[in-house]
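> Contents are compact mmCIF, C-alpha atoms; file name my_file.txt:
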# COMPACT_ATOMS: atom_id res chain seq x y z
CA MET A 1 26.05 15.66 -20.08
CA THR A 2 22.59 14.55 -20.73
CA GLN A 3 20.03 16.31 -22.79
CA ASP A 4 16.54 15.89 -21.37
CA SER A 5 14.76 13.83 -23.99
CA GLU A 6 11.34 15.09 -23.08
CA THR A 7 12.11 17.32 -26.04
CA MET A 8 14.21 14.84 -28.01
CA ALA A 9 13.38 12.29 -30.65
CA PRO A 10 14.02 8.68 -29.51
CA ASP A 11 17.06 8.44 -31.78
CA THR A 12 19.03 11.33 -30.31
CA LYS A 13 21.76 10.99 -27.74
CA PRO A 14 22.25 13.04 -24.54
CA GLY A 15 24.67 15.42 -26.26
CA GLY A 16 21.97 16.34 -28.76
CA GLY A 17 23.19 14.65 -31.98
CA PRO A 18 22.20 11.42 -33.70
CA MET A 19 23.28 8.41 -31.69
CA LYS A 20 22.05 5.37 -33.62
CA PHE A 21 22.98 3.73 -36.83
CA ARG A 22 20.80 1.36 -38.82
CA LEU A 23 22.04 -2.06 -39.69
CA PRO A 24 21.12 -3.32 -43.14
CA TRP A 25 19.71 -6.39 -41.38
CA PRO A 26 17.31 -6.93 -39.72
CA GLY A 27 15.34 -3.75 -40.30
CA TRP A 28 13.62 -3.75 -36.93
CA LEU A 29 16.84 -3.73 -34.91
CA ARG A 30 18.60 -0.45 -34.27
CA ILE A 31 21.80 -0.39 -32.26
CA SER A 32 23.26 2.79 -30.86
CA ARG A 33 26.62 3.16 -29.22
CA PRO A 34 27.44 0.73 -26.40
CA ASP A 35 25.13 2.49 -23.94
CA GLY A 36 21.91 2.23 -25.94
CA ILE A 37 19.88 -0.32 -27.87
CA VAL A 38 16.51 0.31 -29.47
CA ILE A 39 14.35 -2.45 -30.95
CA GLY A 40 11.45 -1.59 -33.18
CA ASP A 41 10.14 1.95 -32.91
CA GLY A 42 11.10 2.25 -29.27
CA ALA A 43 8.92 -0.63 -28.07
CA ILE A 44 12.00 -2.12 -26.39
CA MET A 45 14.87 0.08 -25.22
CA LEU A 46 17.99 -0.55 -23.17
CA ARG A 47 20.05 2.41 -22.06
CA ARG A 48 22.87 3.02 -19.64
CA LEU A 49 23.99 6.30 -18.15
CA HIS A 50 27.11 6.95 -16.08
CA PHE A 51 26.85 9.76 -13.55
CA PHE A 52 29.98 11.61 -12.55
CA SER A 53 30.76 13.91 -9.67
CA GLY A 54 33.26 16.75 -9.63
CA ASP A 55 34.52 18.34 -6.42
CA VAL A 56 34.48 22.11 -6.93
CA SER A 57 36.48 22.52 -3.72
CA GLU A 58 39.41 21.30 -5.84
CA MET A 59 39.07 24.35 -8.07
CA PRO A 60 41.03 27.05 -6.23
CA ARG A 61 40.69 29.57 -9.05
CA LEU A 62 36.90 29.50 -8.87
CA ARG A 63 36.79 29.34 -5.05
CA ARG A 64 38.76 32.57 -4.89
CA GLY A 65 36.13 34.23 -7.03
CA SER A 66 38.53 34.56 -9.94
CA SER A 67 37.28 34.27 -13.46
CA SER A 68 36.81 30.82 -14.93
CA PRO A 69 39.58 29.38 -17.09
CA ALA A 70 40.37 31.46 -20.15
CA LEU A 71 38.30 29.88 -22.91
CA GLU A 72 38.24 31.96 -26.04
CA LEU A 73 34.83 32.12 -27.69
CA PRO A 74 33.96 33.30 -31.19
CA PRO A 75 33.41 37.07 -31.06
CA ASN A 76 29.79 36.66 -32.15
CA ILE A 77 28.86 34.32 -29.26
CA ARG A 78 27.44 35.61 -25.98
CA LEU A 79 26.85 33.36 -22.97
CA SER A 80 24.38 34.63 -20.39
CA PRO A 81 21.87 33.26 -17.87
CA LEU A 82 18.30 33.10 -19.12
CA THR A 83 16.06 34.53 -16.42
CA PRO A 84 12.45 33.38 -16.00
CA GLU A 85 11.33 36.90 -16.90
CA ALA A 86 13.35 36.94 -20.12
CA TRP A 87 12.02 33.51 -21.06
CA ARG A 88 8.40 34.49 -20.41
CA ALA A 89 8.92 37.52 -22.66
CA ASN A 90 10.20 35.24 -25.45
CA PRO A 91 9.36 31.57 -24.76
CA ARG A 92 10.30 30.60 -28.30
CA ILE A 93 13.96 31.14 -27.46
CA LEU A 94 13.97 27.51 -26.24
CA GLU A 95 12.46 24.63 -28.18
CA THR A 96 11.67 22.78 -24.95
CA ASP A 97 7.97 22.42 -24.08
CA PRO A 98 7.02 25.65 -22.25
CA ALA A 99 5.32 23.66 -19.47
CA ILE A 100 8.59 21.83 -18.79
CA VAL A 101 10.62 25.06 -18.81
CA ALA A 102 8.15 26.75 -16.45
CA ALA A 103 8.29 23.78 -14.06
CA ARG A 104 12.09 23.84 -14.08
CA PHE A 105 12.17 27.53 -13.18
CA VAL A 106 9.58 27.03 -10.42
CA ALA A 107 11.75 24.24 -8.97
CA GLY A 108 14.73 26.60 -8.86
CA GLY A 109 16.45 25.53 -12.08
CA ARG A 110 18.81 27.94 -13.83
CA CYS A 111 19.53 28.06 -17.54
CA LEU A 112 22.60 29.35 -19.39
CA ILE A 113 22.24 30.14 -23.08
CA GLY A 114 24.63 30.97 -25.87
CA TRP A 115 23.47 33.44 -28.50
CA ASP A 116 24.95 33.95 -31.95
CA ASP A 117 24.72 37.69 -32.58
CA ALA A 118 25.76 37.31 -36.21
CA GLY A 119 23.17 34.67 -37.02
CA ASP A 120 20.59 35.89 -34.48
CA ARG A 121 20.06 32.35 -33.20
CA LEU A 122 20.40 30.19 -30.13
CA VAL A 123 23.49 27.97 -30.28
CA TYR A 124 23.79 26.62 -26.74
CA HIS A 125 21.86 25.87 -23.58
CA LEU A 126 22.64 24.20 -20.26
CA TRP A 127 20.52 23.72 -17.14
CA VAL A 128 21.47 23.27 -13.49
CA THR A 129 19.27 22.41 -10.53
CA GLU A 130 19.24 20.94 -7.05
CA ALA A 131 15.72 19.55 -7.51
CA PRO A 132 14.74 16.02 -8.60
CA THR A 133 14.66 16.09 -12.40
CA TYR A 134 13.23 13.78 -15.02
CA ILE A 135 15.82 12.69 -17.58
CA GLY A 136 13.89 11.35 -20.53
CA TRP A 137 16.87 9.65 -22.18
CA ILE A 138 17.06 7.20 -19.29
CA PHE A 139 13.30 7.57 -18.57
CA ARG A 140 13.79 8.22 -14.86
CA THR A 141 13.59 11.06 -12.36
CA ILE A 142 17.06 11.67 -10.95
CA VAL A 143 17.32 12.65 -7.30
CA VAL A 144 20.30 14.94 -6.88
CA PRO A 145 22.70 13.67 -4.18
CA PRO A 146 23.24 15.89 -1.14
CA ASP A 147 25.67 18.77 -1.67
CA HIS A 148 25.54 18.31 -5.46
CA LEU A 149 24.33 20.48 -8.32
CA LEU A 150 22.89 18.62 -11.30
CA VAL A 151 23.98 19.72 -14.77
CA PHE A 152 21.58 18.54 -17.47
CA ASP A 153 19.87 19.25 -20.80
CA VAL A 154 23.06 20.44 -22.46
CA TRP A 155 22.90 21.23 -26.16
CA VAL A 156 25.43 22.76 -28.56
CA HIS A 157 24.57 23.76 -32.11
CA PRO A 158 26.42 21.52 -34.60
CA ASP A 159 28.24 24.57 -35.99
CA TYR A 160 29.92 25.11 -32.60
CA ARG A 161 30.66 21.58 -31.41
CA GLY A 162 34.31 20.86 -30.83
CA GLY A 163 35.07 24.42 -29.71
CA ASN A 164 35.01 26.15 -26.34
CA VAL A 165 31.32 27.02 -26.10
CA HIS A 166 30.38 24.05 -23.95
CA TRP A 167 33.51 24.24 -21.82
CA ALA A 168 32.77 27.85 -20.99
CA GLY A 169 29.31 26.64 -19.97
CA ALA A 170 30.84 23.89 -17.83
CA ALA A 171 33.01 26.49 -16.06
CA TRP A 172 29.86 28.55 -15.42
CA ALA A 173 28.14 25.49 -13.92
CA CYS A 174 31.09 24.88 -11.58
CA ALA A 175 31.06 28.52 -10.50
CA GLU A 176 27.29 28.29 -9.97
CA ALA A 177 27.78 25.29 -7.66
CA ILE A 178 30.22 27.33 -5.59
CA ARG A 179 27.87 30.34 -5.58
CA CYS A 180 24.97 28.31 -4.20
CA GLY A 181 27.08 26.50 -1.62
CA ARG A 182 27.26 23.09 -3.27
CA ARG A 183 30.51 21.17 -3.18
CA TYR A 184 30.01 18.96 -6.23
CA ILE A 185 28.68 19.10 -9.75
CA PHE A 186 26.77 16.04 -10.97
CA ALA A 187 25.93 14.97 -14.51
CA GLY A 188 25.19 11.90 -16.61
CA VAL A 189 27.06 10.83 -19.74
CA GLU A 190 27.49 7.75 -21.87
CA GLU A 191 30.64 5.78 -21.10
CA HIS A 192 32.45 6.81 -24.27
CA GLU A 193 31.77 10.47 -23.43
CA TYR A 194 33.33 10.30 -19.97
CA TYR A 195 36.93 9.96 -21.12
CA PRO A 196 37.16 13.16 -23.24
CA PHE A 197 35.00 15.05 -20.74
CA ALA A 198 37.18 14.09 -17.79
CA MET A 199 40.36 14.84 -19.70
CA LYS A 200 39.11 18.26 -20.78
CA TYR A 201 37.88 19.20 -17.29
CA ALA A 202 41.31 18.42 -15.88
CA ARG A 203 43.19 20.13 -18.71
CA ILE A 204 41.33 23.45 -18.42
CA GLY A 205 41.58 23.56 -14.64
CA LEU A 206 38.08 22.51 -13.61
CA GLY A 207 39.38 19.67 -11.49
CA ILE A 208 39.01 15.91 -11.61
CA ILE A 209 35.58 14.43 -12.30
CA GLY A 210 35.04 10.83 -11.28
CA PRO A 211 32.33 8.18 -11.67
CA TYR A 212 29.58 8.24 -9.05
CA SER A 213 27.01 5.65 -10.15
CA ARG A 214 25.48 3.87 -13.14
CA ILE A 215 21.84 3.53 -14.09
CA VAL A 216 20.65 0.92 -16.57
CA GLY A 217 17.16 1.62 -17.88
CA VAL A 218 15.00 -0.93 -19.66
CA LYS A 219 11.71 -0.02 -21.30
CA LEU A 220 9.41 -2.84 -22.45
CA PHE A 221 6.31 -1.71 -24.29
CA GLY A 222 5.92 1.38 -22.12
CA ALA A 223 6.92 -0.13 -18.76
CA ALA A 224 10.26 1.12 -17.40
CA PHE A 225 12.65 -0.80 -15.15
CA HIS A 226 15.92 0.45 -13.68
CA PHE A 227 19.02 -1.07 -12.18
CA ILE A 228 21.32 1.18 -10.17
CA LYS A 229 24.95 0.18 -9.80
CA GLY A 230 28.02 1.67 -8.22
CA PRO A 231 30.68 3.51 -10.18
CA SER A 232 32.34 1.77 -13.09
CA PRO A 233 35.76 0.36 -12.06
CA ARG A 234 37.08 1.14 -15.54
CA LEU A 235 36.07 4.79 -15.25
CA ALA A 236 37.42 4.95 -11.69
CA HIS A 237 40.78 3.69 -12.96
CA PHE A 238 40.82 6.43 -15.59
CA ARG A 239 39.97 9.04 -12.91
CA ASP A 240 42.91 7.84 -10.82
CA ARG A 241 45.21 8.21 -13.83
CA LEU A 242 44.00 11.78 -14.28
CA ARG A 243 44.67 12.53 -10.61
CA ARG A 244 48.25 11.43 -11.06
CA MET A 245 48.59 13.48 -14.24
CA TYR A 246 46.81 16.71 -13.31
CA ALA A 247 45.97 16.97 -9.62
CA LYS A 248 48.72 19.29 -8.43
CA PRO A 249 48.53 21.41 -5.28
CA GLU A 250 47.86 25.06 -5.91
CA ALA A 251 48.18 27.84 -3.36
CA VAL A 252 44.90 29.44 -2.41
Any chance you could give the structure as C-alpha cells?

Amino acid sequence: MTQDSETMAPDTKPGGGPMKFRLPWPGWLRISRPDGIVIGDGAIMLRRLHFFSGDVSEMPRLRRGSSSPALELPPNIRLSPLTPEAWRANPRILETDPAIVAARFVAGGRCLIGWDDAGDRLVYHLWVTEAPTYIGWIFRTIVVPPDHLLVFDVWVHPDYRGGNVHWAGAAWACAEAIRCGRRYIFAGVEEHEYYPFAMKYARIGLGIIGPYSRIVGVKLFGAAFHFIKGPSPRLAHFRDRLRRMYAKPEAV
C-alpha cells in the first residue's frame, strides 16, 4: 500500500523503505524496482502503480461483527485509531506535515497508529479515506471509486516489518470499510508487492484482492503526465489462482 510521498524523500518506495539502487555507471541514472525509474535528481521520473480492490462482502467473519483474524502482536505494541483531538494535542506523533494531516482529518480521513510501549515510539501508521487524495509517489490525486475505501500512507517501522503489525492494520481497514458501508477496500502497490499482499490477505481470511487499474506517471522537469490502464492481465491471472486456492464458501 502506498505511502504518501508528500512526506517522503524521492528515493523511498510506497512501503516506506529504500527502493532504488545506484548503478556504478552512469552516475546520473538511478533505477528502482521495475515500477520506478529516476534520472538525475528527480528531473525525470517514471513510476507505475497497480491499484487493487478487495470485496469485504467476501469476509463473513468481519461482516458478522466478529473480531478480525487472530494476528498475534508483540505484547508491547498497541494499535489504536488516532483521533483529530489526540493529534492536535500531540502533532509530533506523526512526521507528516501538520497541514497535510489537518486536511486529511477535515476531509474525513481516519488514521490507525501502532505504539511501542517499551520504546515509547510510533512504529506504524495507516490512513483510510473516501475523499480524493494526493499520492505523491505517483504525483497524482486519486479519486476513490464508488463504494470503495482508500487505504494509503502505510508505514511500518523497520524493526517490525515482516511480522503481523501491518496485517492487523489491514484487518482494521477492512472492518472500517464495513463499518462505514463501503463494499471494497482500494489501495495502490508496486507490481512485485501485489503477489505477497494478495497471498497474505487470502491466507489470513481477509478475502481475495484483485487488480483494479494501473497508473503510469511520468514527470519531466516538473511537468507530470499520466496514463491510466485497465488491470494487469498477469495480476488478474494470479487473483484467479488465489480464488481457486482459497475462496471457499463459509456459512454466515
> If you take all atoms listed in the file and a cut-off of 6 Å, which residues of region 49-142 of chain A touch region 206-210 of chain A, and what are their nearest atom pairs and distances in Å to one decimal, in chain and number order, as CSV?

residue,atom,partner,partner_atom,distance
A:Phe52,CA,A:Gly210,CA,5.3
A:Ser53,CA,A:Gly210,CA,5.5
A:Gly54,CA,A:Ile209,CA,4.2
A:Glu58,CA,A:Gly207,CA,5.9
A:Met59,CA,A:Gly207,CA,5.8
> Keeping only C-alpha atoms, write the selected residues as an mmCIF file, in the coordinates of the input.

data_model
loop_
_atom_site.group_PDB
_atom_site.id
_atom_site.type_symbol
_atom_site.label_atom_id
_atom_site.label_comp_id
_atom_site.auth_asym_id
_atom_site.auth_seq_id
_atom_site.Cartn_x
_atom_site.Cartn_y
_atom_site.Cartn_z
ATOM 1 C CA PHE A 52 29.980 11.610 -12.550
ATOM 2 C CA SER A 53 30.760 13.910 -9.670
ATOM 3 C CA GLY A 54 33.260 16.750 -9.630
ATOM 4 C CA GLU A 58 39.410 21.300 -5.840
ATOM 5 C CA MET A 59 39.070 24.350 -8.070
#
> List the neighbours of Leu94 (chain A) out to 10 Å using all atoms listed in the file; skip same-chain residues closer than 3 positions along the sequence, and give me the result as a list in words.
Trp87, Asn90, Pro91, Asp97, Pro98, Val101, Ile113, Leu122, Tyr124 and His125 of chain A
> Which residues are near region 215-219 of chain A? Cut-off 7 Å, only C-alpha atoms, ignore same chain within fewer than 5 positions. Put them as a PyMOL selection string.
chain A and resi 44-50+138+224-229
> May I ask for the distance between CA of Tyr134 (chain A) and CA of Ala102 (chain A), given in Å to one decimal place?
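Value for the CA of Tyr134 (chain A)-CA of Ala102 (chain A) distance: 14.0 Å.
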> Go through A:Arg214, A:His148, A:Arg241, A:Arg234 and flag the residue nearest Phe186 (chain A), using only C-alpha atoms for the distances.
A:His148
> Please report, as lines of an AutoDock Vina configuration file, the centre and edge lengths in Å to one decimal of an axis-aligned box covering all listed atoms of region 126-134 of chain A with 3 Å per side.

center_x = 17.9
center_y = 19.0
center_z = -13.7
size_x = 15.4
size_y = 16.4
size_z = 19.2
> Using only C-alpha atoms, find the one residue out of A:Arg92, A:Arg78, A:Arg140, A:Arg183 that sits nearest to Ala118 (chain A).
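Of the candidates, the smallest distance to Ala118 (chain A) is held by A:Arg78.
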> Using all atoms listed in the file, which residue out of A:Ser57, A:Thr96, A:Asn76, A:Ser213 lies closest to Val154 (chain A)?
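Between A:Ser57, A:Thr96, A:Asn76, A:Ser213, the residue approaching Val154 (chain A) most closely is A:Thr96.
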> Quick check, in Å to one decimal: how far apart do CA of Arg110 (chain A) and CA of His157 (chain A) lie?
19.6 Å
> Please measure the separation of CA of Pro84 (chain A) and CA of Val106 (chain A), giving the value in Å to one decimal.
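Between these atoms lies a distance of 8.9 Å.
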> I want to know what sits within 8 Å of Asn164 (chain A), based on only C-alpha atoms, with residues of the same chain fewer than 6 positions away left out; could you give that as an mmCIF file with C-alpha atoms, keeping the file's coordinate frame?

data_model
loop_
_atom_site.group_PDB
_atom_site.id
_atom_site.type_symbol
_atom_site.label_atom_id
_atom_site.label_comp_id
_atom_site.auth_asym_id
_atom_site.auth_seq_id
_atom_site.Cartn_x
_atom_site.Cartn_y
_atom_site.Cartn_z
ATOM 1 C CA LEU A 71 38.300 29.880 -22.910
ATOM 2 C CA GLU A 72 38.240 31.960 -26.040
ATOM 3 C CA LEU A 73 34.830 32.120 -27.690
#
> I need the residue nearest Tyr195 (chain A) from this list: A:Trp167, A:Tyr160, A:Phe221, A:Phe238. Use all atoms listed in the file for the distance.
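Among A:Trp167, A:Tyr160, A:Phe221, A:Phe238, it is A:Phe238 that comes nearest to Tyr195 (chain A).
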> Would you please work out which residue, of A:Asp55, A:Glu190, A:Asp153, A:Glu85, is nearest to Leu112 (chain A) when using all atoms listed in the file?
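The answer is A:Asp153, which sits nearest to Leu112 (chain A).
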> Rank A:Val156, A:Leu149, A:Glu191, A:Gly181 by their smallest atom-to-atom distance to Gly169 (chain A), using all atoms listed in the file, and report the top residue only.
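Selected residue with least distance to Gly169 (chain A): A:Val156.
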